[in-house]
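Engineer: Take this structure first; my questions come after.
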Amino acid sequence: MSTDFRKYASGQTLLVDADDTLWENNIYFERSIAAFISYVDHHEYSREEVREKLNEVERENTRLHGYGLTSFRQSLVTCFERLSGESITPEKHERIVSFVQSIADQEIELLPGVAETIPELASRHRLILMTKGAEAEQADKLTRSGLASYFTGVEIPKEKNAAAYHAVVAKYELAPHSTWMIGNSPKSDINPALSAGLHAIYIHHPGTWVLEQDALTKPGAEQKLLDLRNFAELLKHF
């Protein structure tokens, strides 16, 4: 991978993921899950086994209800009921809701280098935010981040698959050879963007959600895949 400063010409279109690319997100879910597992205190399953049960429920719920805090809350309730074998009481439901509320109460914490890098990128390229999830939640986080003015468009699909990327390309009349997807998720950011014929930039995050982890797809002959350690490294290329 070349590290030539600003290797790629101005005028590229950069599709940018939000959660765990621009700001911290999954670490708050992990803290909530740890509190939930401690609260469950299951006598038959280990903490790791309870987590795997929750992963199974989340896989089911995201397919049915999408992403975001409402879906996560339902996953915790469903997991609790499956592990206990009985319906949840109002008191226990309130306690579980408190784990979810702790996530909603978090201030937006931009990842290192983002605040300095985004304005520089926006001065030379077209930035479009592309993040999946609950639309109202994601729009609110963007507003609170202070970054909204740097994006010429905001797309919040229910799922980030190849079809979603094709739709964005068509909507904004993008040229695949000058369009890049930037994100921390192989499953949602990198692999489907490459499948849609775009370039991609994988930015490592140590706390990427387990359900977003996957092996990286090999780019096509006319495509590029950059592998960067942090967001600020984008300025070496763009």
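Each chain of the structure tokens is named A, B, ... in the order shown, its residues numbered from 1; ligands are numbered from 1 in display order.
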Please provide the set of residues having any atom within 12 Å of Thr143 in chain A, restricted to only C-alpha atoms, with same-chain residues fewer than 6 positions apart removed, written as a list in words.
Structural biologist: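 Those residues are Ala18, Glu107, Ile108, Ala136, Glu137, Ser149, Tyr150, Phe151 and Val154 of chain A.
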Engineer: Restricting the output to C-alpha atoms, write the selected residues as a PDB file, in the first residue's frame.
Structural biologist:
ATOM      1  CA  ALA A  18     -20.470   6.808  11.344  1.00  0.00           C
ATOM      2  CA  GLU A 107     -22.202  12.103  24.789  1.00  0.00           C
ATOM      3  CA  ILE A 108     -20.764  11.819  21.281  1.00  0.00           C
ATOM      4  CA  ALA A 136     -33.803   9.209  14.004  1.00  0.00           C
ATOM      5  CA  GLU A 137     -31.007   7.916  16.247  1.00  0.00           C
ATOM      6  CA  SER A 149     -22.093  20.633   7.813  1.00  0.00           C
ATOM      7  CA  TYR A 150     -19.227  18.759   6.138  1.00  0.00           C
ATOM      8  CA  PHE A 151     -21.495  16.228   4.424  1.00  0.00           C
ATOM      9  CA  VAL A 154     -26.793  11.628   4.464  1.00  0.00           C
TER      10      VAL A 154
END
Engineer: Determine, counting only C-alpha atoms, which protein, DNA and RNA residues have an atom within 10 Å of an atom of range 182-188 of chain A; residues of the same chain fewer than 2 positions away are not included. Present the result as a PyMOL selection string.
Structural biologist: chain A and resi 14-22+129-132+159-162+179-180+190-193+199-217+225-228+230-231+234
Engineer: With distances taken over only C-alpha atoms, which residue among A:Ser10, A:Ser32, A:Leu194, A:Gly153 lies nearest His166 in chain A?
Structural biologist: A:Leu194
Engineer: Can you write out as CSV which residues of range 68-132 of chain A fall within 9 Å of range 54-62 of chain A, alongside each residue's closest atom pair and its distance in Å to one decimal, counting only C-alpha atoms and ordering rows by chain and ascending residue number?
Structural biologist:
residue,atom,partner,partner_atom,distance
A:Gly68,CA,A:Thr62,CA,8.8
A:Ser71,CA,A:Asn61,CA,6.5
A:Phe72,CA,A:Glu58,CA,7.2
A:Gln74,CA,A:Asn61,CA,7.8
A:Ser75,CA,A:Glu58,CA,5.7
A:Leu76,CA,A:Leu54,CA,7.1
A:Thr78,CA,A:Val57,CA,7.2
A:Cys79,CA,A:Leu54,CA,5.7
A:Phe80,CA,A:Leu54,CA,8.7
Engineer: If you measure from CA of Ala148 in chain A to CA of Thr13 in chain A, what distance in Å do you get, rounded to one decimal?
Structural biologist: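 Those two atoms sit 16.2 Å apart.
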Engineer: Find the residue from A:Val97, A:Ala104, A:Leu121, A:Val40 that sits nearest to Ala232 in chain A; use only C-alpha atoms when measuring.
Structural biologist: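 Going through A:Val97, A:Ala104, A:Leu121, A:Val40 one by one, the smallest distance to Ala232 in chain A is for A:Leu121.
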Engineer: As a PyMOL selection string, list the residues of range 112-215 of chain A assigned to strand (DSSP E) by DSSP on the backbone atoms of this structure.
Structural biologist: chain A and resi 126-130+153-155+179-183+199-203
Engineer: A:Ser46, A:Ile118, A:Arg126, A:Tyr39: which is nearest His93 in chain A, counting only C-alpha atoms?
Structural biologist: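 The shortest atom-to-atom distance to His93 in chain A comes from A:Tyr39.
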Engineer: Find the residue from A:Leu83, A:Met181, A:Leu198, A:Leu142 that sits nearest to Glu44 in chain A; use only C-alpha atoms when measuring.
Structural biologist: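 Nearest to Glu44 in chain A: A:Leu83.
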Engineer: Figure out the distance between CA of Ala9 in chain A and CA of Ile128 in chain A, please, to one decimal in Å.
Structural biologist: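 Distance reported for this atom pair: 17.5 Å.
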Engineer: Mind checking DSSP for range 3-188 of chain A and telling me the alpha helix (DSSP H) residues as a PyMOL selection string?
Structural biologist: chain A and resi 26-40+47-65+69-84+90-104+114-124+135-145+162-172
Engineer: Determine the nearest neighbour of Arg82 in chain A from the options A:Val50, A:Ala134, A:Leu69, A:Ala163, counting only C-alpha atoms.
Structural biologist: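 Of all the options, A:Val50 lies closest to Arg82 in chain A.
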